[in-house]
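*Asks:* Just input-v1.pdb, nothing more (PDB, C-alpha atoms):
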```pdb
ATOM      1  CA  MET A   1     109.940  -2.155 161.500
ATOM      2  CA  SER A   2     111.615  -5.479 162.254
ATOM      3  CA  LEU A   3     109.516  -5.967 165.426
ATOM      4  CA  ILE A   4     106.122  -5.259 163.808
ATOM      5  CA  LEU A   5     105.926  -8.386 161.641
ATOM      6  CA  PRO A   6     106.745 -10.889 164.425
ATOM      7  CA  THR A   7     104.277  -9.106 166.721
ATOM      8  CA  LEU A   8     101.464  -9.353 164.132
ATOM      9  CA  LEU A   9     102.186 -13.024 163.484
ATOM     10  CA  CYS A  10     102.125 -13.760 167.208
ATOM     11  CA  LEU A  11      98.838 -11.877 167.632
ATOM     12  CA  GLU A  12      97.252 -13.736 164.701
ATOM     13  CA  LEU A  13      98.335 -17.081 166.158
ATOM     14  CA  ILE A  14      96.861 -16.263 169.581
ATOM     15  CA  LEU A  15      93.548 -15.038 168.129
ATOM     16  CA  GLY A  16      93.287 -18.027 165.795
ATOM     17  CA  GLN A  17      93.749 -20.475 168.651
ATOM     18  CA  SER A  18      91.183 -18.612 170.759
ATOM     19  CA  ILE A  19      88.543 -18.633 168.037
ATOM     20  CA  GLN A  20      89.176 -22.275 167.241
ATOM     21  CA  ALA A  21      88.716 -23.226 170.901
ATOM     22  CA  GLN A  22      85.448 -21.248 171.173
ATOM     23  CA  LYS A  23      83.954 -22.852 168.047
ATOM     24  CA  GLY A  24      84.025 -26.255 169.713
ATOM     25  CA  ALA A  25      82.246 -25.039 172.849
ATOM     26  CA  TYR A  26      78.693 -25.354 171.389
ATOM     27  CA  LYS A  27      76.914 -28.426 170.135
ATOM     28  CA  LYS A  28      76.059 -28.628 166.475
ATOM     29  CA  PRO A  29      72.419 -28.092 165.465
ATOM     30  CA  SER A  30      70.448 -30.190 162.998
ATOM     31  CA  LEU A  31      69.296 -29.022 159.572
ATOM     32  CA  SER A  32      66.342 -30.463 157.650
ATOM     33  CA  SER A  33      64.224 -29.537 154.658
ATOM     34  CA  MET A  34      60.473 -29.412 155.209
ATOM     35  CA  SER A  35      60.023 -29.401 151.410
ATOM     36  CA  GLY A  36      62.281 -32.376 150.673
ATOM     37  CA  THR A  37      65.800 -32.354 149.318
ATOM     38  CA  VAL A  38      64.725 -32.682 145.659
ATOM     39  CA  VAL A  39      62.434 -29.911 144.416
ATOM     40  CA  ALA A  40      61.341 -28.522 141.063
ATOM     41  CA  SER A  41      62.402 -25.151 139.761
ATOM     42  CA  GLY A  42      59.895 -22.542 140.915
ATOM     43  CA  ASP A  43      59.013 -24.336 144.159
ATOM     44  CA  LYS A  44      59.364 -22.733 147.573
ATOM     45  CA  VAL A  45      61.771 -24.400 149.993
ATOM     46  CA  THR A  46      61.578 -24.285 153.791
ATOM     47  CA  LEU A  47      64.658 -25.252 155.797
ATOM     48  CA  LYS A  48      64.615 -25.774 159.575
ATOM     49  CA  CYS A  49      67.623 -25.487 161.870
ATOM     50  CA  PHE A  50      67.005 -26.778 165.395
ATOM     51  CA  LEU A  51      68.693 -27.963 168.583
ATOM     52  CA  LYS A  52      67.832 -28.680 172.213
ATOM     53  CA  PHE A  53      69.956 -25.771 173.307
ATOM     54  CA  LYS A  54      68.902 -22.168 173.795
ATOM     55  CA  PHE A  55      70.684 -20.303 171.059
ATOM     56  CA  ASP A  56      69.544 -16.770 170.343
ATOM     57  CA  ARG A  57      69.797 -17.169 166.590
ATOM     58  CA  PHE A  58      70.671 -19.573 163.826
ATOM     59  CA  ILE A  59      72.743 -18.909 160.731
ATOM     60  CA  LEU A  60      72.136 -20.706 157.424
ATOM     61  CA  VAL A  61      75.122 -20.898 155.083
ATOM     62  CA  LYS A  62      75.173 -22.102 151.496
ATOM     63  CA  GLU A  63      78.597 -23.525 150.828
ATOM     64  CA  ASP A  64      79.439 -22.080 147.446
ATOM     65  CA  GLU A  65      81.977 -19.582 146.180
ATOM     66  CA  PHE A  66      79.940 -16.727 147.680
ATOM     67  CA  HIS A  67      79.106 -18.412 151.028
ATOM     68  CA  THR A  68      75.602 -16.958 151.112
ATOM     69  CA  ILE A  69      74.531 -16.307 154.714
ATOM     70  CA  GLN A  70      70.984 -15.989 156.056
ATOM     71  CA  ASN A  71      70.466 -14.990 159.688
ATOM     72  CA  GLN A  72      67.274 -15.766 161.651
ATOM     73  CA  SER A  73      66.216 -15.312 165.284
ATOM     74  CA  ALA A  74      65.489 -18.510 167.187
ATOM     75  CA  THR A  75      62.119 -19.447 168.670
ATOM     76  CA  CYS A  76      62.282 -21.737 171.686
ATOM     77  CA  GLN A  77      59.678 -24.090 173.123
ATOM     78  CA  ASP A  78      60.094 -27.012 175.546
ATOM     79  CA  SER A  79      63.877 -26.542 175.694
ATOM     80  CA  GLN A  80      64.181 -26.836 171.906
ATOM     81  CA  CYS A  81      65.063 -23.844 169.758
ATOM     82  CA  GLN A  82      64.624 -23.566 166.029
ATOM     83  CA  ALA A  83      64.644 -21.156 163.125
ATOM     84  CA  ILE A  84      62.756 -21.413 159.827
ATOM     85  CA  PHE A  85      64.465 -20.298 156.618
ATOM     86  CA  ASN A  86      62.247 -19.727 153.589
ATOM     87  CA  ARG A  87      63.896 -19.727 150.187
ATOM     88  CA  GLY A  88      62.245 -19.439 146.827
ATOM     89  CA  PRO A  89      60.878 -19.646 144.335
ATOM     90  CA  VAL A  90      64.112 -21.554 143.766
ATOM     91  CA  ASN A  91      66.087 -22.184 140.614
ATOM     92  CA  SER A  92      69.319 -23.982 139.802
ATOM     93  CA  THR A  93      71.404 -21.303 141.572
ATOM     94  CA  GLN A  94      69.848 -22.288 144.931
ATOM     95  CA  ALA A  95      70.926 -25.918 144.561
ATOM     96  CA  GLY A  96      73.929 -26.982 146.587
ATOM     97  CA  THR A  97      75.181 -27.780 150.083
ATOM     98  CA  TYR A  98      73.724 -26.063 153.156
ATOM     99  CA  ARG A  99      74.795 -26.041 156.801
ATOM    100  CA  CYS A 100      73.502 -24.133 159.800
ATOM    101  CA  TYR A 101      75.095 -22.785 162.976
ATOM    102  CA  GLY A 102      73.906 -21.521 166.342
ATOM    103  CA  ALA A 103      75.034 -18.295 168.002
ATOM    104  CA  PHE A 104      74.278 -15.840 170.815
ATOM    105  CA  ASN A 105      73.389 -12.167 170.481
ATOM    106  CA  ASP A 106      76.076 -11.045 172.918
ATOM    107  CA  ASP A 107      78.763 -12.893 170.944
ATOM    108  CA  PRO A 108      77.475 -13.041 167.342
ATOM    109  CA  TYR A 109      80.847 -13.807 165.777
ATOM    110  CA  VAL A 110      81.343 -17.056 167.660
ATOM    111  CA  TRP A 111      79.299 -19.820 166.088
ATOM    112  CA  SER A 112      78.619 -23.396 167.092
ATOM    113  CA  ARG A 113      79.974 -26.369 165.264
ATOM    114  CA  PRO A 114      78.328 -26.764 161.845
ATOM    115  CA  SER A 115      75.357 -29.031 161.319
ATOM    116  CA  ASP A 116      75.577 -32.016 159.044
ATOM    117  CA  SER A 117      75.405 -30.952 155.421
ATOM    118  CA  LEU A 118      72.111 -30.890 153.541
ATOM    119  CA  GLU A 119      72.219 -31.317 149.759
ATOM    120  CA  LEU A 120      69.429 -29.476 147.941
ATOM    121  CA  GLU A 121      68.750 -30.535 144.354
ATOM    122  CA  VAL A 122      66.666 -28.328 142.052
ATOM    123  CA  LYS A 123      65.303 -29.984 138.912
ATOM    124  CA  GLU A 124      64.256 -27.971 135.868
ATOM    125  CA  LEU A 125      60.847 -28.710 134.340
ATOM    126  CA  PRO A 126      60.889 -30.510 130.957
ATOM    127  CA  ASP A 127      59.976 -27.382 128.986
ATOM    128  CA  GLY A 128      62.485 -25.262 130.867
ATOM    129  CA  SER A 129      59.773 -23.188 132.560
ATOM    130  CA  THR A 130      59.128 -22.798 136.262
ATOM    131  CA  ARG A 131      56.073 -23.518 138.320
ATOM    132  CA  PRO A 132      53.831 -20.506 138.945
ATOM    133  CA  THR A 133      54.249 -18.917 142.337
ATOM    134  CA  ASP A 134      51.401 -18.640 144.777
ATOM    135  CA  LEU A 135      49.253 -15.581 144.348
ATOM    136  CA  GLY A 136      48.770 -13.242 147.249
ATOM    137  CA  PRO A 137      45.261 -12.495 148.612
ATOM    138  CA  THR A 138      44.851  -9.382 146.479
ATOM    139  CA  GLN A 139      46.119 -11.027 143.297
ATOM    140  CA  ALA A 140      43.972 -14.108 143.926
ATOM    141  CA  SER A 141      40.900 -11.896 144.429
ATOM    142  CA  ARG A 142      41.631 -10.039 141.201
ATOM    143  CA  ALA A 143      42.079 -13.287 139.312
ATOM    144  CA  GLN A 144      38.763 -14.540 140.684
ATOM    145  CA  ASP A 145      37.050 -11.288 139.642
ATOM    146  CA  TYR A 146      38.473 -11.643 136.130
ATOM    147  CA  THR A 147      37.208 -15.229 135.962
ATOM    148  CA  VAL A 148      33.699 -14.241 137.063
ATOM    149  CA  GLY A 149      33.687 -11.345 134.592
ATOM    150  CA  ASN A 150      34.743 -13.631 131.760
ATOM    151  CA  LEU A 151      32.031 -16.137 132.648
ATOM    152  CA  ILE A 152      29.411 -13.386 132.636
ATOM    153  CA  ARG A 153      30.593 -12.105 129.268
ATOM    154  CA  MET A 154      30.544 -15.619 127.823
ATOM    155  CA  GLY A 155      27.011 -16.158 129.138
ATOM    156  CA  VAL A 156      25.771 -12.904 127.619
ATOM    157  CA  ALA A 157      27.412 -13.748 124.288
ATOM    158  CA  ALA A 158      25.773 -17.189 124.276
ATOM    159  CA  LEU A 159      22.368 -15.637 125.046
ATOM    160  CA  VAL A 160      22.769 -13.135 122.197
ATOM    161  CA  LEU A 161      23.649 -15.963 119.807
ATOM    162  CA  VAL A 162      20.545 -17.916 120.868
ATOM    163  CA  VAL A 163      18.292 -14.860 120.363
ATOM    164  CA  LEU A 164      19.812 -14.175 116.947
ATOM    165  CA  GLY A 165      19.290 -17.817 115.985
ATOM    166  CA  VAL A 166      15.633 -17.679 117.002
ATOM    167  CA  LEU A 167      15.072 -14.429 115.088
ATOM    168  CA  LEU A 168      16.785 -15.828 111.990
ATOM    169  CA  PHE A 169      14.663 -18.980 112.163
ATOM    170  CA  GLN A 170      11.503 -16.930 112.526
ATOM    171  CA  ALA A 171      12.512 -14.689 109.623
ATOM    172  CA  ARG A 172      13.133 -17.678 107.355
ATOM    173  CA  ASP A 173       9.848 -19.290 108.414
ATOM    174  CA  SER A 174       7.947 -16.039 107.798
ATOM    175  CA  GLU A 175       9.598 -15.624 104.394
ATOM    176  CA  ARG A 176       8.660 -19.184 103.518
ATOM    177  CA  SER A 177       5.044 -18.586 104.597
ATOM    178  CA  VAL A 178       4.788 -15.406 102.507
ATOM    179  CA  SER A 179       6.277 -17.223  99.520
ATOM    180  CA  ASN A 180       3.796 -20.080  99.871
ATOM    181  CA  ALA A 181       0.904 -17.663 100.212
ATOM    182  CA  ALA A 182       1.990 -15.743  97.121
ATOM    183  CA  ARG A 183       2.325 -18.975  95.157
ATOM    184  CA  THR A 184      -1.132 -20.094  96.260
ATOM    185  CA  CYS A 185      -2.688 -16.764  95.265
ATOM    186  CA  ALA A 186      -0.967 -16.909  91.882
ATOM    187  CA  GLN A 187      -2.263 -20.412  91.276
ATOM    188  CA  ARG A 188      -5.779 -19.383  92.255
ATOM    189  CA  GLY A 189      -5.594 -16.351  89.938
ATOM    190  CA  GLN A 190      -4.542 -18.488  87.005
ATOM    191  CA  GLY A 191      -7.397 -20.909  87.680
ATOM    192  CA  THR A 192      -9.943 -18.084  87.714
ATOM    193  CA  VAL A 193      -8.681 -16.672  84.435
ATOM    194  CA  GLN A 194      -8.921 -20.092  82.797
ATOM    195  CA  ASN A 195     -12.469 -20.546  84.038
ATOM    196  CA  VAL A 196     -13.489 -17.154  82.693
ATOM    197  CA  GLY A 197     -11.964 -17.913  79.317
ATOM    198  CA  ALA A 198     -13.818 -21.212  79.137
ATOM    199  CA  VAL A 199     -17.307 -19.631  79.497
ATOM    200  CA  GLU A 200     -19.260 -19.873  76.182
ATOM    201  CA  PRO A 201     -20.849 -16.741  74.783
ATOM    202  CA  ILE A 202     -24.710 -16.536  75.033
TER     203      ILE A 202
END
```
Could the structure of this file be written out as structure tokens, please?
*Replies:*
Amino acid sequence: MSLILPTLLCLELILGQSIQAQKGAYKKPSLSSMSGTVVASGDKVTLKCFLKFKFDRFILVKEDEFHTIQNQSATCQDSQCQAIFNRGPVNSTQAGTYRCYGAFNDDPYVWSRPSDSLELEVKELPDGSTRPTDLGPTQASRAQDYTVGNLIRMGVAALVLVVLGVLLFQARDSERSVSNAARTCAQRGQGTVQNVGAVEPI
């Protein structure tokens, strides 16, 4: 029992020194935000980790109490490798300090030196709401169909109102004409009766 503890401490010291030496063997990559470092709540954020060194993958780490890790395979072109990390729609919980690392598939637990830190700031909108997210092709098509349908319904309703207005105008005009005709006939009838009454007896 007395030999186990010193042996474990010695093993931990050897492994710690080995890992520390391997971490300095790779150059540090660069980290940038293609969406800017200050974004509004609800926006989508795209971070790029890149280096002129052929890493197999890049690791994005958010330096908070949880140390959120996002792993992405590298794409290489013209001796430069990079990985794109999409985050969002973001809110205040995604704000903070980010760093990225490079690594190889055959030794995934040995990372490069960390990139320079990137501070992401997420600002809430004045009313506390978030910006609407982009609609997918299907949702956009449905929204367009709803818009066209609403326009058609509004057009039909406007046409019905115009027809009703015309009919109402014609009905009032016809009623006025009948009233005038009746008044004229009544006046003529009264005139005839007066003329008859005025005729002297023979």
*Asks:* Go through A:Lys52, A:Lys62, A:Arg99, A:Arg153 and flag the residue nearest Gln77 in chain A, using all atoms listed in the file for the distances.
*Replies:*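 Selected residue with least distance to Gln77 in chain A: A:Lys52.
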*Asks:* Just how far from CA of Val163 in chain A is CA of Ser179 in chain A, in Å to one decimal?
*Replies:*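 Those two atoms sit 24.2 Å apart.
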*Asks:* Counting only C-alpha atoms, what is within 9 Å of range 92-94 of chain A, bar same-chain residues fewer than 5 positions away, as a list in words?
*Replies:*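 That gives Ser41, Lys62, Arg87, Leu120, Glu121, Val122, Lys123 and Glu124 of chain A.
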*Asks:* With distances taken over only C-alpha atoms, which of A:Ala95, A:Leu125, A:Ile152, A:Leu159 is nearest to Glu63 in chain A?
*Replies:* A:Ala95
*Asks:* Which one is closest to Ile84 in chain A: A:Ser177, A:Ser32, A:Asn150, A:Ser115? Count only C-alpha atoms.
*Replies:*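 Result for the nearest residue to Ile84 in chain A: A:Ser32.
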*Asks:* Evaluate the PyMOL selection byres ((chain A and resi 51) around 6) against this structure - the residues, as a PyMOL selection string, please.
*Replies:* chain A and resi 29+50+52-53+80-81
*Asks:* Could you tell me how far CA of His67 in chain A sits from CA of Ser35 in chain A, in Å to one decimal place?
*Replies:*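 Straight-line distance from CA of Ser35 in chain A to CA of His67 in chain A works out to 22.0 Å.
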*Asks:* Taking all listed atoms of range 152-162 of chain A, build the axis-aligned box, pad each of the six sides by 3 Å, then write its centre and edge lengths in Å to one decimal as AutoDock Vina command-line options.
*Replies:*
```
--center_x 25.6 --center_y -15.0 --center_z 126.2 --size_x 16.0 --size_y 11.8 --size_z 18.8
```
*Asks:* On this structure, the PyMOL selection byres ((chain A and resi 34) around 8) would catch which residues? List them as a CSV table (one decimal) with C-alpha atoms, keeping the file's coordinate frame, sorted by chain and number.
*Replies:*
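File expr-v2.csv, as written:
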```
chain,number,residue,atom,x,y,z
A,32,SER,CA,66.3,-30.5,157.6
A,33,SER,CA,64.2,-29.5,154.7
A,35,SER,CA,60.0,-29.4,151.4
A,36,GLY,CA,62.3,-32.4,150.7
A,45,VAL,CA,61.8,-24.4,150.0
A,46,THR,CA,61.6,-24.3,153.8
A,47,LEU,CA,64.7,-25.3,155.8
A,48,LYS,CA,64.6,-25.8,159.6
```
*Asks:* Given the PyMOL selection byres ((chain A and resi 101) around 8) and the file above, list the residues it selects as a ChimeraX atom specification.
*Replies:* /A:28-29,58-60,99-100,102-103,111-115
*Asks:* In Å, with one decimal, what is the gap from CA of Asp106 in chain A to CA of Asp56 in chain A?
*Replies:*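 Taking CA of Asp106 in chain A and CA of Asp56 in chain A, their separation equals 9.1 Å.
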